[in-house]
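So this one's final_39.cif, mmCIF, C-alpha atoms:
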```cif
data_work
loop_
_atom_site.group_PDB
_atom_site.id
_atom_site.type_symbol
_atom_site.label_atom_id
_atom_site.label_comp_id
_atom_site.auth_asym_id
_atom_site.auth_seq_id
_atom_site.Cartn_x
_atom_site.Cartn_y
_atom_site.Cartn_z
ATOM 1 C CA GLY I 1 -15.938 11.448 16.998
ATOM 2 C CA ASN I 2 -12.448 9.918 16.773
ATOM 3 C CA ASN I 3 -9.899 11.105 14.234
ATOM 4 C CA LEU I 4 -7.992 7.998 13.184
ATOM 5 C CA PHE I 5 -6.042 9.774 10.443
ATOM 6 C CA THR I 6 -2.849 11.806 10.655
ATOM 7 C CA GLN I 7 -3.346 13.200 7.128
ATOM 8 C CA PRO I 8 -5.850 12.748 4.284
ATOM 9 C CA MET I 9 -5.924 9.494 2.355
ATOM 10 C CA GLY I 10 -4.755 9.576 -1.253
ATOM 11 C CA TRP I 11 -4.470 7.566 -4.447
ATOM 12 C CA ASN I 12 -1.368 5.415 -4.613
ATOM 13 C CA THR I 13 0.504 4.213 -7.720
ATOM 14 C CA TRP I 14 4.079 3.864 -6.389
ATOM 15 C CA ARG I 15 6.023 1.464 -4.218
ATOM 16 C CA ALA I 16 9.457 1.628 -2.624
ATOM 17 C CA PRO I 17 11.480 -0.115 -5.366
ATOM 18 C CA THR I 18 12.567 -3.648 -4.567
ATOM 19 C CA ASP I 19 15.919 -5.118 -5.540
ATOM 20 C CA ASN I 20 14.095 -6.766 -8.442
ATOM 21 C CA ASP I 21 12.749 -3.365 -9.580
ATOM 22 C CA ARG I 22 16.327 -2.240 -10.242
ATOM 23 C CA PHE I 23 15.839 -1.800 -13.993
ATOM 24 C CA ILE I 24 12.074 -1.326 -14.414
ATOM 25 C CA GLN I 25 11.935 1.558 -11.941
ATOM 26 C CA ALA I 26 13.639 3.852 -14.470
ATOM 27 C CA LYS I 27 10.751 3.267 -16.888
ATOM 28 C CA TRP I 28 8.232 3.700 -14.072
ATOM 29 C CA ARG I 29 9.701 7.132 -13.368
ATOM 30 C CA ARG I 30 10.321 8.218 -16.950
ATOM 31 C CA GLU I 31 7.347 6.793 -18.860
ATOM 32 C CA GLY I 32 4.683 6.294 -16.221
ATOM 33 C CA GLN I 33 5.859 8.923 -13.740
ATOM 34 C CA TYR I 34 4.075 6.867 -11.108
ATOM 35 C CA HIS I 35 6.243 8.267 -8.322
ATOM 36 C CA GLN I 36 4.716 11.742 -8.713
ATOM 37 C CA LEU I 37 1.133 11.361 -9.968
ATOM 38 C CA ARG I 38 -1.225 13.909 -8.421
ATOM 39 C CA PRO I 39 -5.038 14.125 -8.588
ATOM 40 C CA ARG I 40 -6.883 16.743 -10.624
ATOM 41 C CA VAL I 41 -10.625 16.907 -9.995
ATOM 42 C CA TYR I 42 -12.747 18.168 -12.900
ATOM 43 C CA GLU I 43 -16.231 17.775 -11.478
ATOM 44 C CA THR I 44 -17.813 16.767 -8.154
ATOM 45 C CA GLU I 45 -21.499 16.224 -7.448
ATOM 46 C CA ILE I 46 -23.106 15.514 -4.060
ATOM 47 C CA GLN I 47 -26.435 13.674 -4.074
ATOM 48 C CA THR I 48 -28.785 12.983 -1.162
ATOM 49 C CA LEU I 49 -30.433 9.653 -1.858
ATOM 50 C CA THR I 50 -33.064 7.803 0.164
ATOM 51 C CA ASP I 51 -30.643 5.690 2.199
ATOM 52 C CA ARG I 52 -27.235 7.275 1.606
ATOM 53 C CA LEU I 53 -25.207 10.298 0.637
ATOM 54 C CA ARG I 54 -23.351 9.947 -2.672
ATOM 55 C CA ILE I 55 -20.285 11.889 -3.760
ATOM 56 C CA ARG I 56 -19.441 11.472 -7.433
ATOM 57 C CA SER I 57 -16.228 12.865 -8.945
ATOM 58 C CA GLU I 58 -14.489 12.860 -12.311
ATOM 59 C CA LEU I 59 -10.739 13.099 -11.856
ATOM 60 C CA SER I 60 -7.360 12.229 -13.285
ATOM 61 C CA LEU I 61 -3.908 11.398 -12.005
ATOM 62 C CA GLY I 62 -0.979 13.018 -13.749
ATOM 63 C CA ALA I 63 2.511 14.349 -13.206
ATOM 64 C CA PRO I 64 2.604 18.022 -12.118
ATOM 65 C CA HIS I 65 4.406 19.236 -15.250
ATOM 66 C CA THR I 66 2.374 17.376 -17.909
ATOM 67 C CA ARG I 67 -0.902 18.294 -19.600
ATOM 68 C CA THR I 68 -1.946 14.738 -20.510
ATOM 69 C CA PRO I 69 -2.907 12.668 -17.459
ATOM 70 C CA THR I 70 -1.734 9.114 -16.999
ATOM 71 C CA ILE I 71 -4.994 7.852 -15.456
ATOM 72 C CA ARG I 72 -8.614 8.956 -15.575
ATOM 73 C CA ALA I 73 -11.225 7.786 -13.079
ATOM 74 C CA SER I 74 -14.925 8.106 -12.331
ATOM 75 C CA VAL I 75 -15.243 7.774 -8.568
ATOM 76 C CA ILE I 76 -18.314 7.239 -6.372
ATOM 77 C CA TRP I 77 -18.270 7.386 -2.567
ATOM 78 C CA ASP I 78 -21.497 6.217 -0.881
ATOM 79 C CA ILE I 79 -22.035 6.947 2.830
ATOM 80 C CA ASP I 80 -24.999 5.144 4.390
ATOM 81 C CA ARG I 81 -26.926 5.896 7.584
ATOM 82 C CA GLU I 82 -24.679 3.578 9.612
ATOM 83 C CA GLY I 83 -21.550 5.423 8.472
ATOM 84 C CA LYS I 84 -20.308 2.724 6.102
ATOM 85 C CA LEU I 85 -18.242 4.079 3.225
ATOM 86 C CA ARG I 86 -18.336 2.378 -0.148
ATOM 87 C CA LEU I 87 -15.903 3.248 -2.913
ATOM 88 C CA GLN I 88 -16.327 2.387 -6.561
ATOM 89 C CA ALA I 89 -13.741 3.711 -8.988
ATOM 90 C CA GLU I 90 -13.882 3.103 -12.748
ATOM 91 C CA VAL I 91 -10.260 3.528 -13.796
ATOM 92 C CA CYS I 92 -8.638 3.700 -17.233
ATOM 93 C CA HIS I 93 -5.252 4.541 -18.721
ATOM 94 C CA THR I 94 -5.279 7.484 -21.098
ATOM 95 C CA LYS I 95 -2.173 6.465 -23.000
ATOM 96 C CA SER I 96 -0.034 3.395 -23.611
ATOM 97 C CA ILE I 97 2.599 3.305 -20.883
ATOM 98 C CA VAL I 98 4.664 0.858 -18.882
ATOM 99 C CA PHE I 99 2.735 -1.261 -16.380
ATOM 100 C CA MET I 100 1.932 0.206 -12.955
ATOM 101 C CA PRO I 101 3.660 -0.785 -9.700
ATOM 102 C CA ARG I 102 0.246 -0.693 -8.017
ATOM 103 C CA PHE I 103 -3.091 1.109 -7.917
ATOM 104 C CA GLY I 104 -5.054 1.817 -4.778
ATOM 105 C CA LEU I 105 -5.507 4.022 -1.736
ATOM 106 C CA ARG I 106 -3.037 4.918 0.992
ATOM 107 C CA LEU I 107 -4.196 5.821 4.512
ATOM 108 C CA PHE I 108 -1.991 7.447 7.158
ATOM 109 C CA LEU I 109 -3.385 6.446 10.541
ATOM 110 C CA GLN I 110 -2.609 7.035 14.201
ATOM 111 C CA SER I 111 0.329 4.885 15.304
ATOM 112 C CA GLU I 112 -1.848 3.263 17.991
ATOM 113 C CA MET I 113 -3.663 1.394 15.182
ATOM 114 C CA GLN I 114 -1.541 -1.740 15.581
ATOM 115 C CA GLU I 115 -3.691 -4.887 15.567
ATOM 116 C CA VAL I 116 -4.123 -6.532 12.161
ATOM 117 C CA ALA I 117 -6.467 -9.349 11.143
ATOM 118 C CA TYR I 118 -7.282 -10.536 7.631
ATOM 119 C CA PHE I 119 -8.577 -13.291 5.388
ATOM 120 C CA GLY I 120 -6.070 -13.626 2.575
ATOM 121 C CA TYR I 121 -2.678 -15.128 1.797
ATOM 122 C CA GLY I 122 -0.508 -15.270 4.915
ATOM 123 C CA PRO I 123 1.091 -15.491 7.384
ATOM 124 C CA TYR I 124 4.076 -14.291 5.340
ATOM 125 C CA GLU I 125 4.103 -11.439 2.853
ATOM 126 C CA SER I 126 2.533 -12.495 -0.448
ATOM 127 C CA TYR I 127 2.267 -11.120 -3.971
ATOM 128 C CA ILE I 128 0.537 -12.204 -7.162
ATOM 129 C CA ASP I 129 3.686 -14.092 -8.220
ATOM 130 C CA LYS I 130 5.060 -14.827 -4.745
ATOM 131 C CA HIS I 131 2.609 -16.642 -2.488
ATOM 132 C CA ARG I 132 3.502 -20.341 -2.638
ATOM 133 C CA ALA I 133 5.067 -20.150 0.838
ATOM 134 C CA SER I 134 1.742 -18.812 2.167
ATOM 135 C CA TYR I 135 -1.787 -20.159 2.224
ATOM 136 C CA ARG I 136 -5.213 -18.524 2.227
ATOM 137 C CA GLY I 137 -6.770 -18.310 5.645
ATOM 138 C CA ILE I 138 -7.589 -16.053 8.607
ATOM 139 C CA PHE I 139 -4.548 -14.539 10.306
ATOM 140 C CA SER I 140 -3.802 -12.002 13.034
ATOM 141 C CA SER I 141 -0.675 -9.959 13.512
ATOM 142 C CA THR I 142 0.598 -6.518 14.502
ATOM 143 C CA VAL I 143 1.837 -3.704 12.320
ATOM 144 C CA GLN I 144 5.364 -4.200 13.646
ATOM 145 C CA GLN I 145 5.216 -7.914 12.825
ATOM 146 C CA GLU I 146 3.956 -7.158 9.325
ATOM 147 C CA TYR I 147 7.217 -5.422 8.432
ATOM 148 C CA THR I 148 9.787 -7.641 6.669
ATOM 149 C CA PRO I 149 13.300 -6.469 7.650
ATOM 150 C CA TYR I 150 15.234 -6.633 4.395
ATOM 151 C CA ILE I 151 18.803 -5.340 4.740
ATOM 152 C CA ARG I 152 17.930 -2.568 2.293
ATOM 153 C CA PRO I 153 14.453 -1.188 3.061
ATOM 154 C CA GLN I 154 12.019 -1.679 0.175
ATOM 155 C CA GLU I 155 8.441 -2.676 -0.624
ATOM 156 C CA ASN I 156 7.343 -5.425 1.765
ATOM 157 C CA GLY I 157 4.474 -6.838 3.802
ATOM 158 C CA ASN I 158 1.831 -7.123 1.074
ATOM 159 C CA HIS I 159 -0.982 -9.682 1.333
ATOM 160 C CA TYR I 160 -2.414 -10.975 -1.932
ATOM 161 C CA ALA I 161 -6.044 -11.966 -2.675
ATOM 162 C CA THR I 162 -7.519 -10.543 0.545
ATOM 163 C CA ALA I 163 -11.280 -10.777 1.104
ATOM 164 C CA TRP I 164 -11.361 -8.623 4.246
ATOM 165 C CA MET I 165 -8.979 -7.048 6.737
ATOM 166 C CA THR I 166 -9.227 -5.103 9.974
ATOM 167 C CA LEU I 167 -6.895 -2.654 11.675
ATOM 168 C CA SER I 168 -7.580 -1.895 15.329
ATOM 169 C CA GLY I 169 -6.398 0.333 18.159
ATOM 170 C CA ALA I 170 -7.705 1.937 21.330
ATOM 171 C CA ALA I 171 -9.745 4.444 19.302
ATOM 172 C CA GLY I 172 -11.573 1.782 17.276
ATOM 173 C CA THR I 173 -11.395 -0.502 14.280
ATOM 174 C CA ILE I 174 -11.405 -0.071 10.527
ATOM 175 C CA ARG I 175 -12.708 -3.062 8.586
ATOM 176 C CA VAL I 176 -12.225 -3.204 4.825
ATOM 177 C CA THR I 177 -13.989 -5.643 2.514
ATOM 178 C CA GLY I 178 -13.710 -5.939 -1.240
ATOM 179 C CA HIS I 179 -16.299 -6.559 -3.932
ATOM 180 C CA ASP I 180 -13.564 -8.828 -5.279
ATOM 181 C CA THR I 181 -10.285 -9.589 -3.545
ATOM 182 C CA PHE I 182 -7.702 -6.855 -3.002
ATOM 183 C CA ASP I 183 -4.097 -6.485 -1.844
ATOM 184 C CA PHE I 184 -3.176 -4.724 1.392
ATOM 185 C CA SER I 185 -0.274 -3.888 3.658
ATOM 186 C CA ALA I 186 -0.191 -2.278 7.105
ATOM 187 C CA LEU I 187 3.283 -1.034 7.980
ATOM 188 C CA PRO I 188 4.980 1.408 10.366
ATOM 189 C CA TYR I 189 6.761 3.165 7.465
ATOM 190 C CA SER I 190 5.749 5.053 4.341
ATOM 191 C CA GLN I 191 7.118 4.066 0.941
ATOM 192 C CA GLU I 192 9.014 7.378 0.878
ATOM 193 C CA THR I 193 10.797 6.476 4.124
ATOM 194 C CA LEU I 194 11.601 2.991 2.882
ATOM 195 C CA GLU I 195 12.923 4.295 -0.426
ATOM 196 C CA THR I 196 15.201 6.949 1.066
ATOM 197 C CA THR I 197 16.709 4.827 3.869
ATOM 198 C CA ALA I 198 19.820 2.874 2.928
ATOM 199 C CA HIS I 199 19.801 0.187 5.632
ATOM 200 C CA HIS I 200 17.224 -1.480 7.856
ATOM 201 C CA HIS I 201 18.936 -0.395 11.089
ATOM 202 C CA GLU I 202 18.780 3.262 9.985
ATOM 203 C CA LEU I 203 14.985 3.419 9.774
ATOM 204 C CA PRO I 204 13.608 6.154 12.061
ATOM 205 C CA LEU I 205 11.040 5.544 14.752
ATOM 206 C CA SER I 206 7.603 5.637 13.190
ATOM 207 C CA ASP I 207 4.821 7.966 14.307
ATOM 208 C CA THR I 208 2.146 6.601 11.952
ATOM 209 C CA THR I 209 0.611 3.410 10.597
ATOM 210 C CA VAL I 210 0.459 3.296 6.806
ATOM 211 C CA LEU I 211 -2.385 1.213 5.364
ATOM 212 C CA CYS I 212 -2.250 0.504 1.620
ATOM 213 C CA LEU I 213 -5.378 -0.909 -0.029
ATOM 214 C CA ASP I 214 -4.744 -1.906 -3.623
ATOM 215 C CA TYR I 215 -6.829 -3.079 -6.528
ATOM 216 C CA GLN I 216 -3.649 -4.944 -7.368
ATOM 217 C CA GLN I 217 0.084 -4.689 -6.953
ATOM 218 C CA SER I 218 2.396 -5.920 -9.696
ATOM 219 C CA GLY I 219 4.507 -8.957 -8.945
ATOM 220 C CA ILE I 220 8.028 -8.951 -7.580
ATOM 221 C CA GLY I 221 9.722 -10.993 -10.304
ATOM 222 C CA SER I 222 13.461 -11.614 -10.538
ATOM 223 C CA GLY I 223 14.642 -8.527 -12.395
ATOM 224 C CA SER I 224 17.768 -7.925 -10.317
ATOM 225 C CA CYS I 225 19.552 -10.949 -11.795
ATOM 226 C CA GLY I 226 17.064 -12.697 -14.081
ATOM 227 C CA PRO I 227 14.296 -12.068 -16.625
ATOM 228 C CA SER I 228 11.911 -9.129 -16.388
ATOM 229 C CA LEU I 229 8.527 -9.596 -14.724
ATOM 230 C CA SER I 230 6.188 -11.872 -16.684
ATOM 231 C CA GLU I 231 3.240 -10.066 -18.285
ATOM 232 C CA ALA I 232 0.896 -12.347 -16.352
ATOM 233 C CA TYR I 233 1.926 -10.570 -13.152
ATOM 234 C CA GLN I 234 1.974 -6.990 -14.464
ATOM 235 C CA LEU I 235 -0.758 -4.474 -13.631
ATOM 236 C CA LYS I 236 -1.298 -3.276 -17.190
ATOM 237 C CA GLU I 237 -5.075 -3.405 -17.673
ATOM 238 C CA SER I 238 -6.358 -0.514 -19.762
ATOM 239 C CA ALA I 239 -9.578 -0.359 -17.696
ATOM 240 C CA PHE I 240 -10.701 -1.855 -14.390
ATOM 241 C CA THR I 241 -13.061 -1.327 -11.428
ATOM 242 C CA PHE I 242 -11.780 -0.912 -7.880
ATOM 243 C CA SER I 243 -14.500 -1.399 -5.257
ATOM 244 C CA ILE I 244 -14.103 -1.636 -1.461
ATOM 245 C CA GLN I 245 -16.155 -0.856 1.658
ATOM 246 C CA PHE I 246 -15.058 0.660 4.982
ATOM 247 C CA ASP I 247 -16.812 -0.110 8.282
ATOM 248 C CA PHE I 248 -15.926 1.618 11.532
ATOM 249 C CA ASN I 249 -16.275 0.408 15.126
ATOM 250 C CA ARG I 250 -15.481 2.867 17.916
ATOM 251 C CA SER I 251 -15.069 0.252 20.626
ATOM 252 C CA GLY I 252 -12.023 -1.478 19.158
ATOM 253 C CA GLY I 253 -11.742 -5.153 18.330
ATOM 254 C CA LEU I 254 -13.119 -6.717 15.180
ATOM 255 C CA ALA I 255 -15.726 -4.608 13.382
#
```
What is this structure when it is put down as structure tokens?
Amino acid sequence: GNNLFTQPMGWNTWRAPTDNDRFIQAKWRREGQYHQLRPRVYETEIQTLTDRLRIRSELSLGAPHTRTPTIRASVIWDIDREGKLRLQAEVCHTKSIVFMPRFGLRLFLQSEMQEVAYFGYGPYESYIDKHRASYRGIFSSTVQQEYTPYIRPQENGNHYATAWMTLSGAAGTIRVTGHDTFDFSALPYSQETLETTAHHHELPLSDTTVLCLDYQQSGIGSGSCGPSLSEAYQLKESAFTFSIQFDFNRSGGLA
């Protein structure tokens, strides 16, 4: 009976450009148009199975002014009798384009959702190509502590190779587990706010907690003053499966 969201969740393919995205972000905008992809649903079917409700959709993600979508996906949401939500998305590119900044879901949650725990690379932010200063273990933090205060606001706070994470507040807890590992961040700012704010001290007070759950996020690289991001760290798969499960606990604490 608790509404933890401030707005509906959505697919997420963009990040607030980092200093090292200085040159690649032009291709992301021009060729991939990842900053403005929107869902188009072609077909949705609801099935009542023995132990769960299943919602199956065929959809695409594309820029508003183009006919050919950038991404197509077959998506299944399963909801069992205990209220667990399971997502399985079969995702493919429909054309050859520049690698993606990320692919996943973005949740806008009540700002009281502040307590973070996870099993992944921490305690510092970590990325596929930037996690040697971290180690894989169980960590706890807060949303405010998860934010990395770069002088110029940009993508930050990711945790690479996460097996599970929880986000808790007075209203309850969300626990997310992956079929395989996933990337996540839980921050007090949206990527739009980070991208449009010039300096850290100018960031507005936040009224939401933004939880990003990613199949993968591309690496950070050294593109501001060095070579472009190595292909080994680019999200450029032509097809992949993104599978995670949500569990909810109304009492707060770990689910």
Best match for closeness to Lys84 (chain I) among I:Ser228, I:Gln245, I:Thr177, I:Asn158, counting only C-alpha atoms: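 Result for the nearest residue to Lys84 (chain I): I:Gln245.
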Residue members of the PyMOL selection byres ((chain I and resi 105) around 10) in the file shown, as a list in words: Met9, Gly10, Trp11, Asn12, Thr13, Arg102, Phe103, Gly104, Arg106, Leu107, Phe184, Leu211, Cys212, Leu213, Asp214 and Tyr215 of chain I
Neighbour list for Pro69 (chain I) as a ChimeraX atom specification, cut-off 7 Å, all atoms listed in the file, skip fewer than 2 positions in-chain: /I:60-62,67,71,94
Next, write the just-selected residues to a file, as a PDB file, keeping the file's coordinate frame, keeping C-alpha atoms as the atom set.
```
ATOM      1  CA  SER I  60      -7.360  12.229 -13.285  1.00  0.00           C
ATOM      2  CA  LEU I  61      -3.908  11.398 -12.005  1.00  0.00           C
ATOM      3  CA  GLY I  62      -0.979  13.018 -13.749  1.00  0.00           C
ATOM      4  CA  ARG I  67      -0.902  18.294 -19.600  1.00  0.00           C
ATOM      5  CA  ILE I  71      -4.994   7.852 -15.456  1.00  0.00           C
ATOM      6  CA  THR I  94      -5.279   7.484 -21.098  1.00  0.00           C
TER       7      THR I  94
END
```
Nearest candidate to Glu146 (chain I) (options I:Phe5, I:Tyr233, I:Tyr189, I:Phe23; using all atoms listed in the file): I:Tyr189
Who sits within 6 Å of His200 (chain I), all atoms listed in the file, same chain under 4 positions skipped, as an MDAnalysis selection string: chainID I and resid 151:153
Got time to write the residues from that selection, C-alpha atoms, as a short mmCIF file (atom, residue, chain, number, x, y, z; two decimals), keeping the file's coordinate frame?
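Contents of again_23.cif, freshly written:
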```cif
data_model
loop_
_atom_site.label_atom_id
_atom_site.label_comp_id
_atom_site.auth_asym_id
_atom_site.auth_seq_id
_atom_site.Cartn_x
_atom_site.Cartn_y
_atom_site.Cartn_z
CA ILE I 151 18.80 -5.34 4.74
CA ARG I 152 17.93 -2.57 2.29
CA PRO I 153 14.45 -1.19 3.06
#
```
Chain and number of each residue from the PyMOL selection byres ((chain I and resi 120-137) around 10), as a ChimeraX atom specification: /I:117-119,138-141,145-148,156-165,181-185,216-221,229-230,232-234
Residues selected by the PyMOL selection byres ((chain I and resi 34) around 8), written as a list in words: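 Selected by the PyMOL selection byres ((chain I and resi 34) around 8) here: Thr13, Trp14, Trp28, Arg29, Gly32, Gln33, His35, Gln36, Leu37, Ala63, Met100 and Pro101 of chain I.
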Selected residues written out, C-alpha atoms, as a compact mmCIF listing (two decimals), keeping the file's coordinate frame:
```
# COMPACT_ATOMS: atom_id res chain seq x y z
CA THR I 13 0.50 4.21 -7.72
CA TRP I 14 4.08 3.86 -6.39
CA TRP I 28 8.23 3.70 -14.07
CA ARG I 29 9.70 7.13 -13.37
CA GLY I 32 4.68 6.29 -16.22
CA GLN I 33 5.86 8.92 -13.74
CA HIS I 35 6.24 8.27 -8.32
CA GLN I 36 4.72 11.74 -8.71
CA LEU I 37 1.13 11.36 -9.97
CA ALA I 63 2.51 14.35 -13.21
CA MET I 100 1.93 0.21 -12.96
CA PRO I 101 3.66 -0.78 -9.70
```
Nearest-residue call for Gly1 (chain I), choices I:Gly172, I:Pro64, I:Pro149, I:Pro204, using all atoms listed in the file: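 Between I:Gly172, I:Pro64, I:Pro149, I:Pro204, the residue approaching Gly1 (chain I) most closely is I:Gly172.
Straight-line separation from CA of Met113 (chain I) to CA of Gly169 (chain I): 4.2 Å.
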Between CA of Cys92 (chain I) and CA of Arg175 (chain I) - distance in Å to one decimal: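 The value is 27.0 Å.
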Closest of I:Lys27, I:Arg38, I:His93, I:His201 to His65 (chain I) - atom-to-atom distances counting only C-alpha atoms: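 Looking only at the distances to His65 (chain I), the closest residue turns out to be I:Arg38.
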Long-range neighbours of Val41 (chain I) as a PyMOL selection string, 10 Å cut-off, all atoms listed in the file, 5 positions minimum in chain: chain I and resi 57-61+72-73
Å distance separating CA of Ala186 (chain I) from CA of Arg54 (chain I), one decimal place: 28.0 Å
Of the listed residues I:Ile24, I:Leu4, I:Ile244, I:Ala239, that which approaches Pro227 (chain I) most closely, counting only C-alpha atoms: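 Counting only C-alpha atoms, the residue closest to Pro227 (chain I) is I:Ile24.
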Output as lines of an AutoDock Vina configuration file the centre and edge lengths (Å, one decimal) of the box along x, y and z of the file that holds every listed atom of region 213-220 of chain I after adding 8 Å on each side.
```
center_x = 0.6
center_y = -4.9
center_z = -4.9
size_x = 30.9
size_y = 24.0
size_z = 25.7
```
Counting all atoms listed in the file, the residue of I:Asp80, I:Ala16, I:Asn3, I:Arg250 that sits nearest Thr197 (chain I):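 Closest to Thr197 (chain I) of all the choices is I:Ala16.
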Shell of 7 Å around Val143 (chain I), only C-alpha atoms, local chain residues under 4 positions omitted, as a PDB file with C-alpha atoms, keeping the file's coordinate frame:
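The new file around27.pdb reads:
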```
ATOM      1  CA  GLN I 114      -1.541  -1.740  15.581  1.00  0.00           C
ATOM      2  CA  GLU I 115      -3.691  -4.887  15.567  1.00  0.00           C
ATOM      3  CA  VAL I 116      -4.123  -6.532  12.161  1.00  0.00           C
ATOM      4  CA  TYR I 147       7.217  -5.422   8.432  1.00  0.00           C
ATOM      5  CA  ALA I 186      -0.191  -2.278   7.105  1.00  0.00           C
ATOM      6  CA  LEU I 187       3.283  -1.034   7.980  1.00  0.00           C
ATOM      7  CA  PRO I 188       4.980   1.408  10.366  1.00  0.00           C
TER       8      PRO I 188
END
```
Generate the missing atoms of region 177-183 of chain I up to all heavy atoms and report them as a PDB file, in the frame of the given file.
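The resulting file, out_35.pdb, is shown below:
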```pdb
ATOM      1  N   THR I 177     -13.607  -4.488   3.309  1.00  0.00           N
ATOM      2  CA  THR I 177     -13.989  -5.643   2.514  1.00  0.00           C
ATOM      3  C   THR I 177     -13.984  -5.252   1.051  1.00  0.00           C
ATOM      4  O   THR I 177     -14.209  -4.082   0.704  1.00  0.00           O
ATOM      5  CB  THR I 177     -15.383  -6.176   2.906  1.00  0.00           C
ATOM      6  OG1 THR I 177     -16.333  -5.103   2.822  1.00  0.00           O
ATOM      7  CG2 THR I 177     -15.375  -6.720   4.318  1.00  0.00           C
ATOM      8  N   GLY I 178     -13.753  -6.218   0.180  1.00  0.00           N
ATOM      9  CA  GLY I 178     -13.710  -5.939  -1.240  1.00  0.00           C
ATOM     10  C   GLY I 178     -14.863  -6.577  -1.971  1.00  0.00           C
ATOM     11  O   GLY I 178     -15.356  -7.644  -1.574  1.00  0.00           O
ATOM     12  N   HIS I 179     -15.317  -5.929  -3.046  1.00  0.00           N
ATOM     13  CA  HIS I 179     -16.299  -6.559  -3.932  1.00  0.00           C
ATOM     14  C   HIS I 179     -15.674  -7.816  -4.530  1.00  0.00           C
ATOM     15  O   HIS I 179     -16.301  -8.864  -4.624  1.00  0.00           O
ATOM     16  CB  HIS I 179     -16.719  -5.585  -5.022  1.00  0.00           C
ATOM     17  CG  HIS I 179     -17.759  -6.139  -5.952  1.00  0.00           C
ATOM     18  ND1 HIS I 179     -17.422  -6.785  -7.127  1.00  0.00           N
ATOM     19  CD2 HIS I 179     -19.108  -6.169  -5.873  1.00  0.00           C
ATOM     20  CE1 HIS I 179     -18.533  -7.183  -7.735  1.00  0.00           C
ATOM     21  NE2 HIS I 179     -19.564  -6.831  -6.997  1.00  0.00           N
ATOM     22  N   ASP I 180     -14.415  -7.690  -4.956  1.00  0.00           N
ATOM     23  CA  ASP I 180     -13.564  -8.828  -5.279  1.00  0.00           C
ATOM     24  C   ASP I 180     -12.413  -8.802  -4.276  1.00  0.00           C
ATOM     25  O   ASP I 180     -12.418  -8.015  -3.340  1.00  0.00           O
ATOM     26  CB  ASP I 180     -13.047  -8.719  -6.714  1.00  0.00           C
ATOM     27  CG  ASP I 180     -14.175  -8.813  -7.734  1.00  0.00           C
ATOM     28  OD1 ASP I 180     -14.988  -9.760  -7.638  1.00  0.00           O
ATOM     29  OD2 ASP I 180     -14.253  -7.945  -8.619  1.00  0.00           O
ATOM     30  N   THR I 181     -11.428  -9.633  -4.450  1.00  0.00           N
ATOM     31  CA  THR I 181     -10.285  -9.589  -3.545  1.00  0.00           C
ATOM     32  C   THR I 181      -9.421  -8.364  -3.840  1.00  0.00           C
ATOM     33  O   THR I 181      -9.496  -7.767  -4.914  1.00  0.00           O
ATOM     34  CB  THR I 181      -9.431 -10.860  -3.684  1.00  0.00           C
ATOM     35  OG1 THR I 181      -8.951 -10.972  -5.022  1.00  0.00           O
ATOM     36  CG2 THR I 181     -10.250 -12.083  -3.311  1.00  0.00           C
ATOM     37  N   PHE I 182      -8.604  -7.993  -2.868  1.00  0.00           N
ATOM     38  CA  PHE I 182      -7.702  -6.855  -3.002  1.00  0.00           C
ATOM     39  C   PHE I 182      -6.393  -7.190  -2.315  1.00  0.00           C
ATOM     40  O   PHE I 182      -6.276  -8.193  -1.608  1.00  0.00           O
ATOM     41  CB  PHE I 182      -8.336  -5.583  -2.406  1.00  0.00           C
ATOM     42  CG  PHE I 182      -8.682  -5.690  -0.940  1.00  0.00           C
ATOM     43  CD1 PHE I 182      -7.809  -5.241   0.046  1.00  0.00           C
ATOM     44  CD2 PHE I 182      -9.898  -6.240  -0.542  1.00  0.00           C
ATOM     45  CE1 PHE I 182      -8.128  -5.334   1.389  1.00  0.00           C
ATOM     46  CE2 PHE I 182     -10.236  -6.342   0.806  1.00  0.00           C
ATOM     47  CZ  PHE I 182      -9.349  -5.892   1.773  1.00  0.00           C
ATOM     48  N   ASP I 183      -5.375  -6.368  -2.536  1.00  0.00           N
ATOM     49  CA  ASP I 183      -4.097  -6.485  -1.844  1.00  0.00           C
ATOM     50  C   ASP I 183      -4.040  -5.439  -0.733  1.00  0.00           C
ATOM     51  O   ASP I 183      -4.615  -4.353  -0.872  1.00  0.00           O
ATOM     52  CB  ASP I 183      -2.922  -6.239  -2.799  1.00  0.00           C
ATOM     53  CG  ASP I 183      -2.666  -7.416  -3.732  1.00  0.00           C
ATOM     54  OD1 ASP I 183      -3.546  -8.285  -3.858  1.00  0.00           O
ATOM     55  OD2 ASP I 183      -1.588  -7.451  -4.358  1.00  0.00           O
TER      56      ASP I 183
END
```
